[in-house]
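**Q** This one is protein_26.pdb, PDB, C-alpha atoms, pLDDT in the B column.
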```pdb
ATOM      1  CA  GLU A   1     105.791   1.646 -32.910  1.00 76.00           C
ATOM      2  CA  ILE A   2     103.222   4.379 -32.566  1.00 86.00           C
ATOM      3  CA  GLU A   3     104.561   6.191 -35.639  1.00 85.00           C
ATOM      4  CA  LEU A   4     102.990   3.461 -37.831  1.00 82.00           C
ATOM      5  CA  LEU A   5      99.486   4.574 -36.811  1.00 85.00           C
ATOM      6  CA  PRO A   6      97.570   7.171 -38.847  1.00 89.00           C
ATOM      7  CA  ALA A   7      98.468  10.267 -36.795  1.00 91.00           C
ATOM      8  CA  HIS A   8      95.557  12.390 -38.037  1.00 90.00           C
ATOM      9  CA  LYS A   9      93.113   9.815 -36.610  1.00 91.00           C
ATOM     10  CA  ILE A  10      94.781   9.213 -33.249  1.00 89.00           C
ATOM     11  CA  GLY A  11      94.499  11.191 -30.035  1.00 94.00           C
ATOM     12  CA  LEU A  12      96.903  10.519 -27.195  1.00 96.00           C
ATOM     13  CA  GLU A  13      96.208  11.367 -23.559  1.00 96.00           C
ATOM     14  CA  ILE A  14      98.854  12.176 -21.017  1.00 96.00           C
ATOM     15  CA  LEU A  15      97.581  11.045 -17.646  1.00 94.00           C
ATOM     16  CA  GLU A  16      97.866  13.211 -14.584  1.00 90.00           C
ATOM     17  CA  SER A  17      99.811  10.424 -12.881  1.00 91.00           C
ATOM     18  CA  VAL A  18     102.863  10.603 -15.174  1.00 93.00           C
ATOM     19  CA  ARG A  19     106.109  12.236 -14.151  1.00 94.00           C
ATOM     20  CA  VAL A  20     106.812  15.131 -16.491  1.00 95.00           C
ATOM     21  CA  ASP A  21     110.449  15.502 -17.525  1.00 96.00           C
ATOM     22  CA  ALA A  22     112.357  16.877 -20.507  1.00 96.00           C
ATOM     23  CA  GLU A  23     112.266  13.502 -22.261  1.00 96.00           C
ATOM     24  CA  LEU A  24     108.454  13.312 -22.064  1.00 96.00           C
ATOM     25  CA  VAL A  25     108.067  16.894 -23.303  1.00 97.00           C
ATOM     26  CA  ALA A  26     110.419  16.221 -26.231  1.00 97.00           C
ATOM     27  CA  ARG A  27     108.593  12.997 -27.164  1.00 96.00           C
ATOM     28  CA  CYS A  28     105.215  14.759 -27.027  1.00 96.00           C
ATOM     29  CA  ALA A  29     106.561  17.597 -29.193  1.00 97.00           C
ATOM     30  CA  ALA A  30     107.828  15.083 -31.765  1.00 96.00           C
ATOM     31  CA  LEU A  31     104.501  13.228 -31.821  1.00 96.00           C
ATOM     32  CA  GLY A  32     102.655  16.519 -32.196  1.00 96.00           C
ATOM     33  CA  LYS A  33     104.814  17.420 -35.211  1.00 95.00           C
ATOM     34  CA  LEU A  34     103.864  14.056 -36.749  1.00 94.00           C
ATOM     35  CA  GLY A  35     100.192  15.061 -36.485  1.00 95.00           C
ATOM     36  CA  PHE A  36      99.036  13.255 -33.346  1.00 96.00           C
ATOM     37  CA  THR A  37      96.511  15.115 -31.205  1.00 97.00           C
ATOM     38  CA  LEU A  38      97.756  15.376 -27.616  1.00 97.00           C
ATOM     39  CA  SER A  39      95.704  15.974 -24.474  1.00 97.00           C
ATOM     40  CA  ILE A  40      96.477  16.279 -20.795  1.00 97.00           C
ATOM     41  CA  ASP A  41      93.830  14.323 -18.917  1.00 95.00           C
ATOM     42  CA  ASP A  42      92.477  15.579 -15.580  1.00 93.00           C
ATOM     43  CA  PHE A  43      94.867  18.532 -15.598  1.00 93.00           C
ATOM     44  CA  PRO A  44      96.601  18.702 -12.197  1.00 91.00           C
ATOM     45  CA  HIS A  45      96.348  22.488 -11.859  1.00 87.00           C
ATOM     46  CA  LYS A  46      98.299  22.553  -8.594  1.00 88.00           C
ATOM     47  CA  ASP A  47     101.291  20.730 -10.101  1.00 90.00           C
ATOM     48  CA  PRO A  48     103.596  23.190 -11.917  1.00 92.00           C
ATOM     49  CA  SER A  49     105.631  20.343 -13.415  1.00 93.00           C
ATOM     50  CA  PHE A  50     102.944  19.979 -16.130  1.00 94.00           C
ATOM     51  CA  GLU A  51     103.442  23.516 -17.477  1.00 95.00           C
ATOM     52  CA  PRO A  52     106.194  22.578 -20.008  1.00 96.00           C
ATOM     53  CA  LEU A  53     103.680  20.238 -21.673  1.00 96.00           C
ATOM     54  CA  LEU A  54     101.219  23.075 -22.234  1.00 97.00           C
ATOM     55  CA  ALA A  55     103.338  24.386 -25.105  1.00 95.00           C
ATOM     56  CA  VAL A  56     103.089  21.095 -27.038  1.00 97.00           C
ATOM     57  CA  VAL A  57      99.606  19.676 -26.315  1.00 97.00           C
ATOM     58  CA  ASP A  58      96.363  20.472 -28.134  1.00 97.00           C
ATOM     59  CA  HIS A  59      93.835  19.969 -25.341  1.00 98.00           C
ATOM     60  CA  VAL A  60      93.703  20.268 -21.584  1.00 97.00           C
ATOM     61  CA  LYS A  61      90.930  18.323 -19.875  1.00 97.00           C
ATOM     62  CA  ILE A  62      89.694  19.746 -16.605  1.00 97.00           C
ATOM     63  CA  ASP A  63      87.700  17.420 -14.367  1.00 96.00           C
ATOM     64  CA  LEU A  64      84.879  19.439 -12.823  1.00 96.00           C
ATOM     65  CA  ILE A  65      84.558  17.003  -9.928  1.00 95.00           C
ATOM     66  CA  GLN A  66      88.250  17.218  -8.982  1.00 93.00           C
ATOM     67  CA  THR A  67      88.509  20.987  -9.491  1.00 95.00           C
ATOM     68  CA  PRO A  68      86.829  23.025  -6.749  1.00 93.00           C
ATOM     69  CA  PRO A  69      84.236  25.411  -8.270  1.00 93.00           C
ATOM     70  CA  ASP A  70      85.856  28.442  -6.633  1.00 95.00           C
ATOM     71  CA  GLU A  71      89.200  27.597  -8.328  1.00 95.00           C
ATOM     72  CA  LEU A  72      87.864  26.873 -11.822  1.00 96.00           C
ATOM     73  CA  ALA A  73      87.930  30.454 -13.172  1.00 96.00           C
ATOM     74  CA  GLY A  74      91.526  30.928 -11.967  1.00 96.00           C
ATOM     75  CA  VAL A  75      92.622  27.662 -13.591  1.00 96.00           C
ATOM     76  CA  VAL A  76      91.054  28.734 -16.901  1.00 97.00           C
ATOM     77  CA  ARG A  77      92.703  32.196 -16.722  1.00 96.00           C
ATOM     78  CA  HIS A  78      96.058  30.573 -16.015  1.00 96.00           C
ATOM     79  CA  LEU A  79      95.740  28.161 -18.970  1.00 97.00           C
ATOM     80  CA  ARG A  80      94.915  30.980 -21.407  1.00 96.00           C
ATOM     81  CA  GLN A  81      98.673  31.710 -21.547  1.00 95.00           C
ATOM     82  CA  TRP A  82      99.031  28.711 -23.862  1.00 96.00           C
ATOM     83  CA  PRO A  83      97.379  27.878 -27.198  1.00 95.00           C
ATOM     84  CA  VAL A  84      95.353  24.940 -25.873  1.00 97.00           C
ATOM     85  CA  GLU A  85      91.682  24.052 -26.191  1.00 97.00           C
ATOM     86  CA  LEU A  86      89.982  23.504 -22.869  1.00 98.00           C
ATOM     87  CA  VAL A  87      87.797  20.444 -22.348  1.00 97.00           C
ATOM     88  CA  ALA A  88      85.302  20.432 -19.481  1.00 97.00           C
ATOM     89  CA  GLU A  89      85.078  16.850 -18.206  1.00 96.00           C
ATOM     90  CA  LYS A  90      82.261  15.325 -16.148  1.00 96.00           C
ATOM     91  CA  VAL A  91      79.721  18.041 -16.910  1.00 97.00           C
ATOM     92  CA  SER A  92      76.581  16.691 -15.268  1.00 95.00           C
ATOM     93  CA  THR A  93      74.153  19.635 -15.108  1.00 95.00           C
ATOM     94  CA  GLU A  94      72.943  22.461 -17.311  1.00 96.00           C
ATOM     95  CA  GLU A  95      74.299  24.934 -14.762  1.00 96.00           C
ATOM     96  CA  GLU A  96      77.812  23.441 -15.038  1.00 96.00           C
ATOM     97  CA  ALA A  97      77.586  23.502 -18.832  1.00 97.00           C
ATOM     98  CA  ARG A  98      76.567  27.185 -18.890  1.00 97.00           C
ATOM     99  CA  ARG A  99      79.325  28.131 -16.459  1.00 97.00           C
ATOM    100  CA  CYS A 100      81.935  26.341 -18.555  1.00 97.00           C
ATOM    101  CA  VAL A 101      80.694  28.072 -21.714  1.00 97.00           C
ATOM    102  CA  ASP A 102      80.907  31.419 -19.902  1.00 97.00           C
ATOM    103  CA  LEU A 103      84.451  30.628 -18.775  1.00 97.00           C
ATOM    104  CA  GLY A 104      85.499  29.915 -22.363  1.00 96.00           C
ATOM    105  CA  PHE A 105      85.728  26.126 -22.555  1.00 97.00           C
ATOM    106  CA  GLU A 106      85.705  24.946 -26.174  1.00 97.00           C
ATOM    107  CA  LEU A 107      84.863  21.259 -25.715  1.00 97.00           C
ATOM    108  CA  PHE A 108      82.654  19.349 -23.287  1.00 96.00           C
ATOM    109  CA  GLN A 109      82.187  15.806 -21.961  1.00 95.00           C
ATOM    110  CA  GLY A 110      79.757  14.447 -19.449  1.00 95.00           C
ATOM    111  CA  TYR A 111      76.447  12.844 -18.620  1.00 94.00           C
ATOM    112  CA  PHE A 112      74.625  16.140 -19.195  1.00 94.00           C
ATOM    113  CA  PHE A 113      75.234  15.675 -22.934  1.00 92.00           C
ATOM    114  CA  ALA A 114      74.877  11.909 -23.294  1.00 88.00           C
ATOM    115  CA  LYS A 115      74.994   8.685 -21.347  1.00 85.00           C
ATOM    116  CA  PRO A 116      77.522   6.092 -22.546  1.00 79.00           C
ATOM    117  CA  LYS A 117      76.342   3.186 -24.654  1.00 82.00           C
ATOM    118  CA  ILE A 118      78.027  -0.175 -24.895  1.00 83.00           C
ATOM    119  CA  LEU A 119      79.102  -0.787 -28.467  1.00 80.00           C
ATOM    120  CA  SER A 120      79.821  -4.151 -29.940  1.00 81.00           C
ATOM    121  CA  GLY A 121      82.610  -4.628 -32.381  1.00 82.00           C
ATOM    122  CA  LYS A 122      83.991  -7.265 -34.662  1.00 83.00           C
ATOM    123  CA  ARG A 123      86.921  -9.301 -33.431  1.00 84.00           C
ATOM    124  CA  LEU A 124      89.742  -9.720 -35.887  1.00 81.00           C
ATOM    125  CA  SER A 125      90.273 -13.204 -37.250  1.00 84.00           C
ATOM    126  CA  HIS A 126      93.612 -14.935 -36.789  1.00 81.00           C
ATOM    127  CA  SER A 127      94.465 -14.199 -40.431  1.00 81.00           C
ATOM    128  CA  GLU A 128      93.608 -10.509 -40.044  1.00 85.00           C
ATOM    129  CA  VAL A 129      95.860 -10.223 -36.994  1.00 84.00           C
ATOM    130  CA  THR A 130      98.652 -12.001 -38.870  1.00 84.00           C
ATOM    131  CA  LEU A 131      98.136  -9.702 -41.864  1.00 84.00           C
ATOM    132  CA  LEU A 132      98.506  -6.626 -39.634  1.00 86.00           C
ATOM    133  CA  LYS A 133     101.688  -8.064 -38.126  1.00 87.00           C
ATOM    134  CA  LEU A 134     102.969  -8.814 -41.635  1.00 86.00           C
ATOM    135  CA  LEU A 135     102.265  -5.258 -42.730  1.00 85.00           C
ATOM    136  CA  SER A 136     104.136  -3.946 -39.708  1.00 86.00           C
ATOM    137  CA  LEU A 137     107.147  -6.135 -40.545  1.00 86.00           C
ATOM    138  CA  VAL A 138     107.171  -5.022 -44.182  1.00 85.00           C
ATOM    139  CA  VAL A 139     106.893  -1.326 -43.255  1.00 83.00           C
ATOM    140  CA  SER A 140     109.702  -1.656 -40.711  1.00 84.00           C
ATOM    141  CA  ASP A 141     111.924  -3.331 -43.332  1.00 84.00           C
ATOM    142  CA  ALA A 142     112.237  -6.538 -41.279  1.00 85.00           C
ATOM    143  CA  ASN A 143     114.475  -9.354 -42.405  1.00 88.00           C
ATOM    144  CA  ILE A 144     112.996 -12.159 -44.493  1.00 90.00           C
ATOM    145  CA  GLU A 145     113.375 -14.769 -41.730  1.00 90.00           C
ATOM    146  CA  ASP A 146     110.974 -12.834 -39.485  1.00 88.00           C
ATOM    147  CA  ILE A 147     108.434 -12.598 -42.306  1.00 87.00           C
ATOM    148  CA  VAL A 148     108.722 -16.326 -43.090  1.00 89.00           C
ATOM    149  CA  THR A 149     108.311 -17.227 -39.402  1.00 89.00           C
ATOM    150  CA  LEU A 150     105.124 -15.153 -39.236  1.00 87.00           C
ATOM    151  CA  LEU A 151     103.687 -16.606 -42.447  1.00 87.00           C
ATOM    152  CA  LYS A 152     104.315 -20.178 -41.252  1.00 89.00           C
ATOM    153  CA  GLN A 153     101.813 -19.496 -38.448  1.00 87.00           C
ATOM    154  CA  ASP A 154      98.914 -18.954 -40.888  1.00 86.00           C
ATOM    155  CA  PRO A 155      98.836 -21.226 -43.957  1.00 87.00           C
ATOM    156  CA  ALA A 156      95.345 -19.986 -44.903  1.00 84.00           C
ATOM    157  CA  LEU A 157      96.660 -16.439 -45.213  1.00 81.00           C
ATOM    158  CA  VAL A 158      99.566 -17.637 -47.360  1.00 85.00           C
ATOM    159  CA  THR A 159      97.107 -19.434 -49.647  1.00 88.00           C
ATOM    160  CA  ALA A 160      94.938 -16.311 -49.939  1.00 84.00           C
ATOM    161  CA  LEU A 161      97.981 -14.127 -50.684  1.00 82.00           C
ATOM    162  CA  LEU A 162      99.172 -16.577 -53.376  1.00 88.00           C
ATOM    163  CA  ARG A 163      95.707 -16.574 -54.975  1.00 88.00           C
ATOM    164  CA  MET A 164      95.758 -12.759 -55.068  1.00 86.00           C
ATOM    165  CA  ALA A 165      99.249 -12.723 -56.546  1.00 87.00           C
ATOM    166  CA  ASN A 166      98.217 -15.181 -59.282  1.00 87.00           C
ATOM    167  CA  SER A 167      95.054 -13.296 -60.269  1.00 82.00           C
TER     168      SER A 167
END
```
Could you rewrite the structure in this file as structure tokens?
**A**
Amino acid sequence: EIELLPAHKIGLEILESVRVDAELVARCAALGKLGFTLSIDDFPHKDPSFEPLLAVVDHVKIDLIQTPPDELAGVVRHLRQWPVELVAEKVSTEEEARRCVDLGFELFQGYFFAKPKILSGKRLSHSEVTLLKLLSLVVSDANIEDIVTLLKQDPALVTALLRMANS
């Protein structure tokens, strides 16, 4: 369940390919009230079905490659009806960056600012994954049989937990 995640650290993107309906708008509004940051990715400016989401999202990302330059100012003017921050995506030149600043974009992404770097990360051990699952079960008030079944899968974790309990 997404509600178990730390809302103030999580941003959720609504893709331009989703079908917007009342249920999606209500779910987004509820997640926003919990503190999740919501963004519409690659805002489909010619699709009016996305407008109900504009009242509940924090950011609207506008892809500069997909949005014709002669339509960009009109899209920005239209979006100013809602309290959203505008993100210029795929900014690749200084000229594009200046134009977006002039149009009132608040946030920017693109190769003009930085090239992506591949980051390496630490993989979780089997015990760490089991511990996260255990935490999820405890938080969701799972029954004891589910917890026992999970703990049987990782005797090393059980030993470590017993050592901590005894210290």
**Q** Report as number ranges by chain all protein, DNA and RNA residues lying within 12 Å of A:Gln153, evaluated on only C-alpha atoms, omitting residues in the same chain fewer than 3 positions from it.
**A** A: 126-127, 129-131, 133-134, 146-150, 156-158
**Q** Between atom CA of A:Leu151 and atom CA of A:Ser167, what distance in Å does the model show, to one decimal?
**A**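 Separation between atom CA of A:Leu151 and atom CA of A:Ser167: 20.1 Å.
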**Q** Neighbouring residues of A:Val91 were defined as those with any atom within 9 Å, considering all atoms listed in the file; residues of the same chain fewer than 4 positions away were excluded. Please report them as a list in words.
**A** Asp63, Leu64, Ile65, Glu96, Ala97, Cys100, Phe108, Gln109, Gly110, Tyr111, Phe112 and Phe113 of chain A
**Q** Report, in Å to a single decimal, how far apart atom CA of A:Ala88 and atom CA of A:Phe105 are.
**A**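 The value is 6.5 Å.
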**Q** Check the smallest atom-to-atom distance from each of A:Pro155, A:Gly35, A:Pro44, A:Pro116 to A:Val60 using all atoms listed in the file, then report the winner.
**A**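 The shortest atom-to-atom distance to A:Val60 comes from A:Pro44.
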**Q** Just how far from atom CA of A:Pro68 is atom CA of A:Val84, in Å to one decimal?
**A**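 Straight-line distance from atom CA of A:Val84 to atom CA of A:Pro68 works out to 21.0 Å.
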**Q** Pick out the closest residue to A:Gly104 from this set: A:Glu128, A:Asn143, A:Leu34, A:Ala73. Count all atoms listed in the file.
**A**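 Closest to A:Gly104, using all atoms listed in the file: A:Ala73.
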**Q** Quick check on the file I pasted: which residues fall under the PyMOL selection byres ((chain A and resi 86) around 12)? Write them as an NGL selection string.
**A** :A and (39-43 or 54 or 57-64 or 72 or 75-80 or 82-85 or 87-89 or 100-101 or 103-109)
**Q** Residues picked by the PyMOL selection byres ((chain A and resi 29) around 12) here, as a list in words?
**A**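 Applying the expression gives Ala22, Glu23, Leu24, Val25, Ala26, Arg27, Cys28, Ala30, Leu31, Gly32, Lys33, Leu34, Gly35, Phe36, Thr37, Leu38, Ser39, Pro52, Leu53, Leu54, Ala55, Val56, Val57 and Asp58 of chain A.
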**Q** Point out the residue among A:Arg19, A:Gln66, A:Arg99, A:Ser140 with the least atom-to-atom distance to A:Ser49, counting only C-alpha atoms.
**A**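 Of A:Arg19, A:Gln66, A:Arg99, A:Ser140, the one nearest A:Ser49 is A:Arg19, counting only C-alpha atoms.
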